[in-house]
Amino acid sequence: MSRPPEDVLLEIKGLKTYFFTEEGVVKAIESIDILVHKSETLGLVGESGSGKSVTALSILGIVPDPPGKILEGEVIFHGQDLRKLSDADMRKIRGNQIAMIFQDPMTSLNPVFTVGDQISEAIILHQKVTKKEAREKSIKIMSLVGIPSADERVDNYPFEFSGGMRQRVMIAMALSCNPELLIADEPSTSLDVTIQAQILELLKATSEEFDMSIILITHDMGVIAEMCDRVAVMYAGFICEVGDIIIIFKSPYHPYTRGLLGAIPRPDAAREDLTIIRGAIPNLINPPSACRFHPRCDYWMEGLCDTILPSIVTIEPGHDVRCHIYTEEGKAWMQQHGEKREISTMPKKATG
Amino acid sequence: MATVDKVDKEEFLLDEKTLREIESMKGAGQWSIVWRRIKKDKMGMLGLYIVLFLIMMALVSWILLMVDNWLTSANLLLGDPNNPASLNNLYIELWYPGMDQSNPIVLFQHPRYQFADQSTLPPSWEHPFGTDRLGQDMLSRVFFGASVSLALGFIGQMTTVIIGTVLGSLAGFYGGIIDNVLQRVIEVLYSMPGFILMIFIIVLFEDVQIPGGKYAVVIVFFSLIGWGGTALIIRSNFFSLKEQDFVEAERALGASDMRIIFRHILPNSLAPLIIIITLGIAGVIFTFAALAFFGFGDPNAISWGDDLNKWQNNLLDYPWMPMFPALFIFFTVLGFNLLGDSLRDALDPRLKD
Amino acid sequence: MSLKGYIVKRVIYIVPVMLGITLMNFTLINVSPGDPVIVRLGLLHCETPECYNSAYNREAIEMGLLDNDMYTVPWFERYIDFVNDLLHFDLGRSWYNTQAGVGIPISQLISERMVYTITLNVLSFIFSLLLATAIGVVSATRQNSIWDRSLTIAMLLGYSMPLFWLAKLIMLLSYSLFNFTGVVSKDAFKTPLIFNPNFYKYLILPTLALTLGGLVFMARLVRSQLLEILRQDYVTTAKAKGLDNRAVIYKHAFRNGLLPIVTIIGSSLPGLLSGSVMVESVFGWPGLGTLFLEGALFRDYPLMMATNTIFPLLFLVARLLTDITYVFIDPRIKY
């Protein structure tokens with residue numbers, strides 16, 4: 001399911017971000033290619049440490065430097081490469097056209113300023129309004145995101161809010177300038193389950209109301225299924241598989257996607273049916289060579305997966321996979337070794 | 001292709017190696033991890049070397065002086081011990097083949113030995129640090145001054161830390177009225193600038209005679225007023241530790257208070273204690289040097305601070321006289337600060353900047 | 001509770017601490033060996049034993065050790081007397097500082113000298129705070145750059161340098177460069193001070209020394225605090241909003257970083273006061289520190305007692321100010 005090129009809002013090509021720490025170079029993002037269309041919700045899913053948040057920070061150009069540095073790649077937003085913009089021009093886009101909300105609302109709000117101050121700060125920065133108008137706008141947007149008696153609470157400090165309410169404040173702050181793209185970095189992870197649902201609901205509603213695109217970062221496949229139109233699966237600095245949500249859930253092509261889907265506990269499945277991905281996410285200072293997933297992969301083609309990085313294979317328009325099972329090299333290897341590597345289209349028991 | 005293969009394999013092996021290192025660190029105790037961290041820190045190692053060098057110097061000079069005193073009292077040395085120009089005292093000399101045997105280079109003279117007609121000499125081969133107004137060799141003064149200066153720092157800090165630990169543990173473990181009283185006392189002690197209070201006390205108690213000389217009195221009072229900081233840290237450490245599950249479990253098993261304190265809580269307070277001691281020694285050495293500098297030390301003692309006091313007004317005309325003792329105070333404080341900072345980072349990585 | 005109530009509470013809180021301090025000082029004087037009267041008489045000249053005895057009795061009565069009938073006064077009565085005098089700002093007369101054979105009232109001495117100490121301390125405190133902020137910000141925002149590394153090493157060296165020796169070195173440097181030692185001479189204090197150029201000339205070096213002394217302490221603190229804060233999530237939030245670096249550091253990071261800095265500076269003020277005593281003494285700056293050291297060297301008990309009451313009072317007042325500052329910068333504080 002592909003959409004016309006004029007529908008593309010954000011395109012990331014070959015993004016590469018490293019962190020130069022004392023222990024060594026952390027190769028957090030090796031090569032990321034993502035497309036985000038207008039008014040679409042793209043899920044970015046992966047284990048913790050796979051580089052999801054770094055991708056988000058790289059899009060906004062706020063990777064902490066030092067130690068982080070974006071080495072290569074283009075971030076094309078509305079046809080212009082954000083990485084080529086000057087600092088001042090980039091700041092006009094941050095918080096204005098692209099906004100971001102963070103994982104932990106407890107620490108993401110500055111404790112010594114009122115929430116009103118923090119919301120209107122962005123409004124004053126990006127729109128030509130007076131302080132008073134900004135405050136009124138803040139109140140409006142706070143009640144929009146469901147904060148009761150917003151006209152009083154606007155003068156409260158973050159510590160006077162509960163976790164869920166704080167995340168609403170964060171969302172209000174992000175929405176305050178009507179962004180075209182919202183990057184939500186695990187917006188519900190640190191909240192109670194009931195609050196999680198509310199926050200996700202709110203995000204869904206506002207994305208429709210404001211006609212904005214969302215990049216939703218999460219490690220929770222359930223959230224992805226609930227919220228997203230398309231999903232990109234990340235592993236150790238690479239995108240393994242991108243595709244329509246239904247395709248990915250029904251017939252994942254990448255072994256890692258398959259593993260992720262298999263790792264979701266289902267009440268209707270027997271306990272031993274829960275597949276797990278063996279091993280842990282690799283140390284990104286010394287990552288495994290070529291396809292970084294190969295040491296944990298059941299389909300590892302020895303001598304191929306660990307030497308040559310698989311190129312991106314388009315299964316059908318809008319569904320890309322980076323795995324040797326589908327590359328020419330991979331097919332040649334299979335022929336040469338007379339072994340077959342094939343993914344069963346359904347994860348074990350996934351259909352229930 | 002083969003070469004690529006090889007390189008990649010090596011990379012992979014390296015990763016295995018890192019993993020194995022992590023595994024071995026898991027097995028090793030906390031202390032070997034701390035040691036690894038310090039070894040990585042160049043500044044910390046520099047501090048450690050400075051501190052070790054100074055401790056060696058203090059020990060050697062102390063032993064030499066003891067031997068000298070013993071020989072003198074046993075009448076094994078010829079000459080008059082009360083005459084500073086008498087040649088009877090011990091010294092370390094350097095002689096190498098080809099040199100005139102009767103006239104070797106004297107490395108360290110007895111610190112009280114006065115070279116006749118050799119006062120206020122600038123640094124030279126014979127007196128690398130020069131000589132002072134009395135004709136004493138500054139290098140010897142500095143070398144032998146190490147033992148008193150460092151001992152003051154160690155003893156002063158250890159006594160305050162011991163008092164602070166005991167009182168802090170009591171207050172932290174039992175809380176209630178003990179804790180209240182202790183906090184009020186610390187409040188009062190902390191409102192006085194310590195340096196000023198020390199001077200006040202030294203002046204009031206200068207006539208007290210106890211074995212160990214003037215500095216013994218100073219140390220007694222120093223530890224009586226200086227324990228507040230340690231006590232506060234240990235107290236809060238106790239407060240947080242005694243609520244923790246392993247202590248609760250131990251209590252449920254019927255362990256006595258003493259067992260809980262000595263087997264469980266105190267060992268867990270070791271890290272802050274080590275940091276306090278190392279960083280504290282620097283402060284104590286500095287305080288004693290400052291007291292001596294302003295004339296509240298013991299003019300008869302051989303220590304850097306007292307020498308500094310004696311020659312501070314000669315800085316403009318004979319700069320080497322005060323400069324070398326000051327330099328050594330500076331290096332000592334620097335060494336302990338470097339080591340302490342590094343220890344703090346290694347023991348408590350959360351505090352690392 | 002209102003802010004006013006909080007301040008009143010903090011002011012009242014000073015009282016028991018001051019009582020504790022005076023009690024401690026008083027006890028120390030009383031348990032110390034040696035007869036203060038004999039110490040006192042050491043500063044007088046007497047030829048004959050009669051003169052000495054009558055002088056002894058006169059002084060003992062004046063000190064309140066003996067009452068008029070030559071009975072020993074119990075210590076608690078003397079303490080109450082002492083506190084009572086203190087409340088009336090009567091600190092007694094100095095033994096060492098005399099005018100026409102009579103001791104100068106200590107309250108007069110202190111009020112004269114206080115100006116100098118406060119000028120010196122406030123000036124160098126402001127300078128060191130500003131410089132420490134600048135250095136801390138430069139270091140923290142360019143972490144591990146050559147600037148950061150050299151500044152960190154410089155701060156570490158300065159931190160390990162005994163302040164009194166730093167003052168001496170500044171003196172040496174100034175002497176070799178400008179042939180000016182900075183040791184205070186009399187013409188520096190011709191009134192009015194504000195229009196006296198010499199006053200400023202002699203103020204430079206002590207201020208420099210004390211500024212450096214405070215600076216090395218505070219710059220380390222500012223740097224590590226800012227580094228800590230710049231890692232916080234809300235700083236990323238602020239950046240994601242599109243704020244520039246200046247706004248992020250000076251608005252979002254700094255106010256948060258200020259909280260622990262204010263606390264630590266507040267509790268380390270006694271150390272800064274000790275530093276002031278050292279610097280004053282090296283340059284002969286006639287503030288309270290020099291007054292106290294003179295008093296100590298010449299065993300001027302009443303003067304020492306008085307300065308030992310004034311120093312903690314200065315500290316407590318300064319800490320009261322930091323506590324109140326804290327209320328203004330941290331909304332979370334409960335009072």
# chains A, B, ... in the order shown; residues from 1 in each chain; ligands from 1
>>> closest_atom_pairs(of="chain C", to="chain A", cutoff="7 Å", atoms="only C-alpha atoms", output="JSON lines")
{"residue": "C:Asp233", "atom": "CA", "partner": "A:Ser108", "partner_atom": "CA", "distance": 4.7}
{"residue": "C:Tyr234", "atom": "CA", "partner": "A:Ser108", "partner_atom": "CA", "distance": 4.1}
{"residue": "C:Thr237", "atom": "CA", "partner": "A:Ser108", "partner_atom": "CA", "distance": 6.1}
{"residue": "C:Lys239", "atom": "CA", "partner": "A:Ile62", "partner_atom": "CA", "distance": 6.8}
{"residue": "C:Ala240", "atom": "CA", "partner": "A:Arg94", "partner_atom": "CA", "distance": 5.7}
{"residue": "C:Lys241", "atom": "CA", "partner": "A:Gly95", "partner_atom": "CA", "distance": 4.0}
{"residue": "C:Gly242", "atom": "CA", "partner": "A:Arg91", "partner_atom": "CA", "distance": 4.4}
{"residue": "C:Leu243", "atom": "CA", "partner": "A:Arg91", "partner_atom": "CA", "distance": 6.7}
{"residue": "C:His252", "atom": "CA", "partner": "A:Asn110", "partner_atom": "CA", "distance": 7.0}
{"residue": "C:Asn256", "atom": "CA", "partner": "A:Val112", "partner_atom": "CA", "distance": 6.9}
{"residue": "C:Asp330", "atom": "CA", "partner": "A:Val112", "partner_atom": "CA", "distance": 5.9}
{"residue": "C:Pro331", "atom": "CA", "partner": "A:Val112", "partner_atom": "CA", "distance": 6.0}
>>> residues_around(residues="segment 317-325 of chain B", least_positions_apart="6", cutoff="12 Å", atoms="only C-alpha atoms", output="PyMOL selection string")
(chain B and resi 119-124+127-146+149+289+292-293+302-311+331-332) or (chain C and resi 162+165-166+168-169+172-173+175-176)
>>> write_last_selection(atoms="N, CA and C atoms", output="compact mmCIF listing (two decimals), in the first residue's frame")
# COMPACT_ATOMS: atom_id res chain seq x y z
N SER B 119 74.15 30.21 56.08
CA SER B 119 72.74 30.56 56.14
C SER B 119 72.31 31.28 54.87
N THR B 120 71.00 31.20 54.61
CA THR B 120 70.33 31.87 53.48
C THR B 120 71.03 31.66 52.15
N LEU B 121 71.50 30.42 51.91
CA LEU B 121 72.10 30.12 50.62
C LEU B 121 71.00 29.73 49.64
N PRO B 122 71.05 30.24 48.42
CA PRO B 122 70.05 29.82 47.43
C PRO B 122 70.29 28.36 47.03
N PRO B 123 69.32 27.73 46.39
CA PRO B 123 69.49 26.34 45.98
C PRO B 123 70.78 26.13 45.18
N SER B 124 71.45 25.04 45.49
CA SER B 124 72.70 24.74 44.80
C SER B 124 72.84 23.22 44.79
N HIS B 127 73.07 22.16 48.46
CA HIS B 127 71.79 22.32 49.14
C HIS B 127 70.73 22.54 48.08
N PRO B 128 70.14 21.45 47.58
CA PRO B 128 69.22 21.60 46.44
C PRO B 128 68.05 22.54 46.72
N PHE B 129 67.63 22.61 47.96
CA PHE B 129 66.52 23.51 48.30
C PHE B 129 67.03 24.77 49.02
N GLY B 130 68.33 24.97 49.05
CA GLY B 130 68.88 26.12 49.74
C GLY B 130 68.97 25.89 51.24
N THR B 131 69.38 26.92 51.95
CA THR B 131 69.42 26.83 53.42
C THR B 131 68.63 27.99 54.00
N ASP B 132 68.21 27.82 55.25
CA ASP B 132 67.43 28.90 55.87
C ASP B 132 68.33 29.83 56.68
N ARG B 133 67.72 30.73 57.41
CA ARG B 133 68.46 31.72 58.16
C ARG B 133 69.39 31.11 59.21
N LEU B 134 69.00 29.93 59.73
CA LEU B 134 69.81 29.30 60.76
C LEU B 134 70.88 28.41 60.16
N GLY B 135 70.96 28.35 58.85
CA GLY B 135 71.92 27.48 58.21
C GLY B 135 71.48 26.03 58.15
N GLN B 136 70.17 25.79 58.30
CA GLN B 136 69.66 24.42 58.18
C GLN B 136 69.34 24.15 56.71
N ASP B 137 69.63 22.92 56.29
CA ASP B 137 69.40 22.56 54.90
C ASP B 137 67.90 22.41 54.66
N MET B 138 67.35 23.16 53.71
CA MET B 138 65.89 23.14 53.50
C MET B 138 65.40 21.78 53.01
N LEU B 139 66.22 21.10 52.20
CA LEU B 139 65.81 19.78 51.72
C LEU B 139 65.61 18.82 52.89
N SER B 140 66.54 18.88 53.84
CA SER B 140 66.41 18.02 55.02
C SER B 140 65.19 18.42 55.84
N ARG B 141 64.98 19.72 55.98
CA ARG B 141 63.81 20.18 56.74
C ARG B 141 62.53 19.65 56.10
N VAL B 142 62.47 19.78 54.77
CA VAL B 142 61.26 19.36 54.06
C VAL B 142 61.09 17.85 54.16
N PHE B 143 62.23 17.13 53.99
CA PHE B 143 62.17 15.67 54.04
C PHE B 143 61.70 15.18 55.40
N PHE B 144 62.32 15.71 56.44
CA PHE B 144 61.95 15.24 57.78
C PHE B 144 60.65 15.85 58.27
N GLY B 145 60.25 16.99 57.65
CA GLY B 145 58.97 17.60 58.03
C GLY B 145 57.78 16.76 57.60
N ALA B 146 58.00 15.89 56.62
CA ALA B 146 56.89 15.09 56.07
C ALA B 146 56.22 14.27 57.16
N SER B 149 53.92 16.45 59.39
CA SER B 149 52.81 17.02 58.62
C SER B 149 51.80 15.95 58.24
N ALA B 289 48.36 23.23 58.58
CA ALA B 289 49.34 24.12 57.96
C ALA B 289 48.94 25.56 58.17
N ALA B 292 49.58 26.60 61.75
CA ALA B 292 51.00 26.84 61.95
C ALA B 292 51.43 28.14 61.27
N PHE B 293 50.91 28.33 60.07
CA PHE B 293 51.28 29.52 59.30
C PHE B 293 50.99 30.80 60.07
N ILE B 302 59.33 20.03 63.72
CA ILE B 302 59.82 20.07 62.34
C ILE B 302 58.65 19.70 61.46
N SER B 303 57.96 20.71 60.95
CA SER B 303 56.85 20.42 60.04
C SER B 303 56.80 21.51 58.99
N TRP B 304 56.16 21.20 57.87
CA TRP B 304 56.11 22.15 56.76
C TRP B 304 55.43 23.45 57.18
N GLY B 305 54.33 23.30 57.90
CA GLY B 305 53.57 24.49 58.30
C GLY B 305 54.39 25.41 59.18
N ASP B 306 55.14 24.81 60.13
CA ASP B 306 55.91 25.66 61.04
C ASP B 306 57.08 26.33 60.34
N ASP B 307 57.71 25.61 59.40
CA ASP B 307 58.77 26.24 58.62
C ASP B 307 58.22 27.38 57.78
N LEU B 308 57.06 27.14 57.26
CA LEU B 308 56.40 28.16 56.45
C LEU B 308 56.15 29.39 57.29
N ASN B 309 55.69 29.17 58.51
CA ASN B 309 55.43 30.28 59.42
C ASN B 309 56.69 31.07 59.68
N LYS B 310 57.80 30.33 59.93
CA LYS B 310 59.05 30.98 60.29
C LYS B 310 59.56 31.87 59.16
N TRP B 311 59.41 31.40 57.94
CA TRP B 311 60.07 32.11 56.83
C TRP B 311 59.09 32.82 55.91
N PHE B 331 51.44 19.90 47.21
CA PHE B 331 51.42 18.58 46.56
C PHE B 331 50.66 17.56 47.39
N THR B 332 50.81 17.64 48.70
CA THR B 332 50.09 16.69 49.55
C THR B 332 48.60 16.87 49.39
N PRO C 162 46.80 26.11 49.38
CA PRO C 162 46.32 26.76 50.61
C PRO C 162 46.08 28.25 50.36
N TRP C 165 48.66 30.79 51.28
CA TRP C 165 49.83 30.79 50.43
C TRP C 165 49.52 31.42 49.08
N LEU C 166 48.32 31.20 48.60
CA LEU C 166 47.88 31.86 47.37
C LEU C 166 47.99 33.37 47.55
N LYS C 168 49.95 34.95 49.54
CA LYS C 168 51.36 35.31 49.55
C LYS C 168 51.92 35.34 48.13
N LEU C 169 51.53 34.37 47.32
CA LEU C 169 52.04 34.31 45.96
C LEU C 169 51.54 35.50 45.14
N LEU C 172 53.71 38.25 46.04
CA LEU C 172 55.02 38.14 45.37
C LEU C 172 54.93 38.57 43.91
N LEU C 173 53.90 38.10 43.25
CA LEU C 173 53.72 38.41 41.83
C LEU C 173 53.53 39.91 41.63
N TYR C 175 54.44 42.21 43.58
CA TYR C 175 55.67 42.91 43.93
C TYR C 175 56.64 42.88 42.75
N SER C 176 56.77 41.71 42.12
CA SER C 176 57.75 41.63 41.04
C SER C 176 57.25 42.35 39.79
>>> closest_residue(among="C:Ile249, C:Val138, C:Ile170, C:Ile333", to="chain B", atoms="only C-alpha atoms")
C:Ile170
>>> interface_residues(of="chain B", to="chain C", cutoff="6 Å", atoms="only C-alpha atoms", output="PDB file with N, CA and C atoms, in the first residue's frame")
ATOM      1  N   VAL B 188      25.414  23.696  66.382  1.00  0.00           N
ATOM      2  CA  VAL B 188      26.240  24.702  67.056  1.00  0.00           C
ATOM      3  C   VAL B 188      27.676  24.648  66.535  1.00  0.00           C
ATOM      4  N   SER B 191      28.181  26.140  63.110  1.00  0.00           N
ATOM      5  CA  SER B 191      27.995  27.571  62.921  1.00  0.00           C
ATOM      6  C   SER B 191      29.281  28.342  63.180  1.00  0.00           C
ATOM      7  N   MET B 192      30.257  27.673  63.786  1.00  0.00           N
ATOM      8  CA  MET B 192      31.539  28.335  64.047  1.00  0.00           C
ATOM      9  C   MET B 192      32.485  28.011  62.906  1.00  0.00           C
ATOM     10  N   PRO B 193      33.108  29.041  62.322  1.00  0.00           N
ATOM     11  CA  PRO B 193      34.173  28.714  61.379  1.00  0.00           C
ATOM     12  C   PRO B 193      35.240  27.898  62.104  1.00  0.00           C
ATOM     13  N   PHE B 195      38.315  26.994  61.621  1.00  0.00           N
ATOM     14  CA  PHE B 195      39.659  27.535  61.756  1.00  0.00           C
ATOM     15  C   PHE B 195      39.734  28.540  62.898  1.00  0.00           C
ATOM     16  N   LEU B 204      43.498  29.368  74.334  1.00  0.00           N
ATOM     17  CA  LEU B 204      43.036  29.131  75.700  1.00  0.00           C
ATOM     18  C   LEU B 204      43.804  27.992  76.369  1.00  0.00           C
ATOM     19  N   PHE B 205      44.142  26.976  75.562  1.00  0.00           N
ATOM     20  CA  PHE B 205      44.705  25.770  76.172  1.00  0.00           C
ATOM     21  C   PHE B 205      46.198  25.618  75.914  1.00  0.00           C
ATOM     22  N   PHE B 330      51.218  21.915  49.211  1.00  0.00           N
ATOM     23  CA  PHE B 330      50.375  21.950  48.018  1.00  0.00           C
ATOM     24  C   PHE B 330      50.285  20.566  47.376  1.00  0.00           C
ATOM     25  N   VAL B 333      48.153  18.123  49.505  1.00  0.00           N
ATOM     26  CA  VAL B 333      46.721  18.382  49.391  1.00  0.00           C
ATOM     27  C   VAL B 333      46.235  17.966  48.009  1.00  0.00           C
ATOM     28  N   LEU B 334      47.034  18.279  46.984  1.00  0.00           N
ATOM     29  CA  LEU B 334      46.665  17.913  45.613  1.00  0.00           C
ATOM     30  C   LEU B 334      46.541  16.398  45.473  1.00  0.00           C
ATOM     31  N   ASP B 353      31.062  13.241  37.341  1.00  0.00           N
ATOM     32  CA  ASP B 353      30.628  14.308  36.425  1.00  0.00           C
ATOM     33  C   ASP B 353      31.137  14.083  35.044  1.00  0.00           C
TER      34      ASP B 353
END
>>> residues_around(residues="Met66 of chain B", least_positions_apart="3", cutoff="12 Å", atoms="only C-alpha atoms", output="list in words")
Leu59, Val60, Ser61, Trp62, Ile63, Asn69, Trp70, Leu71, Thr72, Ser73, Asn89, Leu90, His110, Phe144 and Ser147 of chain B
>>> interface_residues(of="chain A", to="chain B", cutoff="9 Å", atoms="only C-alpha atoms", output="ChimeraX atom specification")
/A:283,285-290,303,306-307
>>> write_last_selection(atoms="all heavy atoms", output="PDB file, in the first residue's frame")
ATOM      1  N   ASN A 283      26.150  -5.325  22.514  1.00  0.00           N
ATOM      2  CA  ASN A 283      26.906  -4.150  22.920  1.00  0.00           C
ATOM      3  C   ASN A 283      27.220  -3.344  21.665  1.00  0.00           C
ATOM      4  O   ASN A 283      27.865  -3.838  20.747  1.00  0.00           O
ATOM      5  CB  ASN A 283      28.183  -4.670  23.598  1.00  0.00           C
ATOM      6  CG  ASN A 283      29.184  -3.588  23.837  1.00  0.00           C
ATOM      7  OD1 ASN A 283      28.921  -2.424  23.599  1.00  0.00           O
ATOM      8  ND2 ASN A 283      30.346  -3.969  24.339  1.00  0.00           N
ATOM      9  N   ILE A 285      29.144  -0.905  21.160  1.00  0.00           N
ATOM     10  CA  ILE A 285      30.519  -0.462  20.940  1.00  0.00           C
ATOM     11  C   ILE A 285      31.212  -1.451  20.020  1.00  0.00           C
ATOM     12  O   ILE A 285      31.974  -1.091  19.147  1.00  0.00           O
ATOM     13  CB  ILE A 285      31.262  -0.350  22.289  1.00  0.00           C
ATOM     14  CG1 ILE A 285      30.631   0.768  23.121  1.00  0.00           C
ATOM     15  CG2 ILE A 285      32.737  -0.076  22.072  1.00  0.00           C
ATOM     16  CD1 ILE A 285      31.214   0.921  24.489  1.00  0.00           C
ATOM     17  N   ASN A 286      30.918  -2.734  20.239  1.00  0.00           N
ATOM     18  CA  ASN A 286      31.470  -3.784  19.398  1.00  0.00           C
ATOM     19  C   ASN A 286      30.343  -4.617  18.831  1.00  0.00           C
ATOM     20  O   ASN A 286      30.163  -5.779  19.175  1.00  0.00           O
ATOM     21  CB  ASN A 286      32.371  -4.690  20.236  1.00  0.00           C
ATOM     22  CG  ASN A 286      33.802  -4.270  20.115  1.00  0.00           C
ATOM     23  OD1 ASN A 286      34.274  -4.034  19.011  1.00  0.00           O
ATOM     24  ND2 ASN A 286      34.465  -4.182  21.242  1.00  0.00           N
ATOM     25  N   PRO A 287      29.543  -4.050  17.944  1.00  0.00           N
ATOM     26  CA  PRO A 287      28.358  -4.791  17.497  1.00  0.00           C
ATOM     27  C   PRO A 287      28.765  -5.938  16.593  1.00  0.00           C
ATOM     28  O   PRO A 287      29.857  -5.920  16.006  1.00  0.00           O
ATOM     29  CB  PRO A 287      27.569  -3.740  16.722  1.00  0.00           C
ATOM     30  CG  PRO A 287      28.580  -2.760  16.258  1.00  0.00           C
ATOM     31  CD  PRO A 287      29.669  -2.751  17.270  1.00  0.00           C
ATOM     32  N   PRO A 288      27.912  -6.944  16.501  1.00  0.00           N
ATOM     33  CA  PRO A 288      28.184  -8.037  15.565  1.00  0.00           C
ATOM     34  C   PRO A 288      28.314  -7.467  14.153  1.00  0.00           C
ATOM     35  O   PRO A 288      27.683  -6.471  13.823  1.00  0.00           O
ATOM     36  CB  PRO A 288      26.936  -8.913  15.681  1.00  0.00           C
ATOM     37  CG  PRO A 288      26.334  -8.560  16.986  1.00  0.00           C
ATOM     38  CD  PRO A 288      26.672  -7.149  17.264  1.00  0.00           C
ATOM     39  N   SER A 289      29.142  -8.119  13.353  1.00  0.00           N
ATOM     40  CA  SER A 289      29.389  -7.589  12.022  1.00  0.00           C
ATOM     41  C   SER A 289      28.164  -7.784  11.137  1.00  0.00           C
ATOM     42  O   SER A 289      27.273  -8.587  11.432  1.00  0.00           O
ATOM     43  CB  SER A 289      30.588  -8.315  11.420  1.00  0.00           C
ATOM     44  OG  SER A 289      30.366  -9.701  11.517  1.00  0.00           O
ATOM     45  N   ALA A 290      28.171  -7.037  10.030  1.00  0.00           N
ATOM     46  CA  ALA A 290      27.128  -7.113   9.005  1.00  0.00           C
ATOM     47  C   ALA A 290      25.732  -7.027   9.620  1.00  0.00           C
ATOM     48  O   ALA A 290      25.444  -6.063  10.306  1.00  0.00           O
ATOM     49  CB  ALA A 290      27.293  -8.375   8.165  1.00  0.00           C
ATOM     50  N   GLY A 303      28.749 -17.297   7.270  1.00  0.00           N
ATOM     51  CA  GLY A 303      29.609 -16.809   6.208  1.00  0.00           C
ATOM     52  C   GLY A 303      28.947 -15.763   5.339  1.00  0.00           C
ATOM     53  O   GLY A 303      29.608 -15.075   4.585  1.00  0.00           O
ATOM     54  N   ASP A 306      27.098 -12.736   8.542  1.00  0.00           N
ATOM     55  CA  ASP A 306      28.089 -12.073   9.393  1.00  0.00           C
ATOM     56  C   ASP A 306      29.175 -11.383   8.577  1.00  0.00           C
ATOM     57  O   ASP A 306      30.128 -10.867   9.137  1.00  0.00           O
ATOM     58  CB  ASP A 306      28.691 -13.079  10.380  1.00  0.00           C
ATOM     59  CG  ASP A 306      29.123 -14.349   9.686  1.00  0.00           C
ATOM     60  OD1 ASP A 306      28.788 -14.518   8.505  1.00  0.00           O
ATOM     61  OD2 ASP A 306      29.791 -15.177  10.331  1.00  0.00           O
ATOM     62  N   THR A 307      29.074 -11.394   7.241  1.00  0.00           N
ATOM     63  CA  THR A 307      30.090 -10.692   6.455  1.00  0.00           C
ATOM     64  C   THR A 307      29.506  -9.603   5.577  1.00  0.00           C
ATOM     65  O   THR A 307      30.114  -8.555   5.411  1.00  0.00           O
ATOM     66  CB  THR A 307      30.861 -11.677   5.550  1.00  0.00           C
ATOM     67  OG1 THR A 307      29.918 -12.484   4.870  1.00  0.00           O
ATOM     68  CG2 THR A 307      31.815 -12.523   6.351  1.00  0.00           C
TER      69      THR A 307
END
>>> select_by_dssp(residues="segment 55-200 of chain C", states="strand (DSSP E or B)", output="list of chain:residue names")
C:Leu66, C:Thr72, C:Arg93, C:Ser94, C:Trp95, C:Tyr96, C:Asn97, C:Thr98, C:Gln99, C:Val102, C:Gly103, C:Ile104, C:Pro105
>>> residues_around(residues="Leu279 of chain B", least_positions_apart="2", cutoff="7 Å", atoms="only C-alpha atoms", output="PyMOL selection string")
chain B and resi 275-277+281-283+336-337+340
>>> write_last_selection(atoms="N, CA, C and O atoms", output="compact mmCIF listing (two decimals), in the first residue's frame")
# COMPACT_ATOMS: atom_id res chain seq x y z
N ILE B 275 35.74 7.72 51.21
CA ILE B 275 35.78 9.01 50.52
C ILE B 275 36.01 10.14 51.52
O ILE B 275 36.85 11.02 51.31
N ILE B 276 35.27 10.08 52.65
CA ILE B 276 35.43 11.12 53.66
C ILE B 276 36.88 11.17 54.14
O ILE B 276 37.48 12.25 54.25
N ILE B 277 37.46 10.00 54.40
CA ILE B 277 38.81 9.98 54.96
C ILE B 277 39.80 10.57 53.97
O ILE B 277 40.57 11.47 54.30
N ILE B 281 41.59 14.11 54.73
CA ILE B 281 43.00 14.27 55.10
C ILE B 281 43.57 15.53 54.46
O ILE B 281 44.29 16.30 55.10
N ALA B 282 43.22 15.75 53.20
CA ALA B 282 43.68 16.96 52.52
C ALA B 282 43.27 18.19 53.32
O ALA B 282 44.08 19.08 53.58
N GLY B 283 42.01 18.20 53.75
CA GLY B 283 41.51 19.34 54.50
C GLY B 283 42.21 19.51 55.83
O GLY B 283 42.53 20.63 56.24
N PHE B 336 45.99 14.05 47.73
CA PHE B 336 44.83 13.48 48.41
C PHE B 336 43.53 13.88 47.72
O PHE B 336 42.59 13.10 47.65
N ASN B 337 43.47 15.12 47.21
CA ASN B 337 42.27 15.54 46.49
C ASN B 337 42.06 14.71 45.23
O ASN B 337 40.95 14.26 44.94
N GLY B 340 41.10 11.23 46.22
CA GLY B 340 39.76 11.23 46.79
C GLY B 340 38.69 11.38 45.73
O GLY B 340 37.69 10.67 45.73
>>> atom_distance(atom1="atom CA of Arg278 of chain A", atom2="atom CA of Arg296 of chain A")
6.0 Å
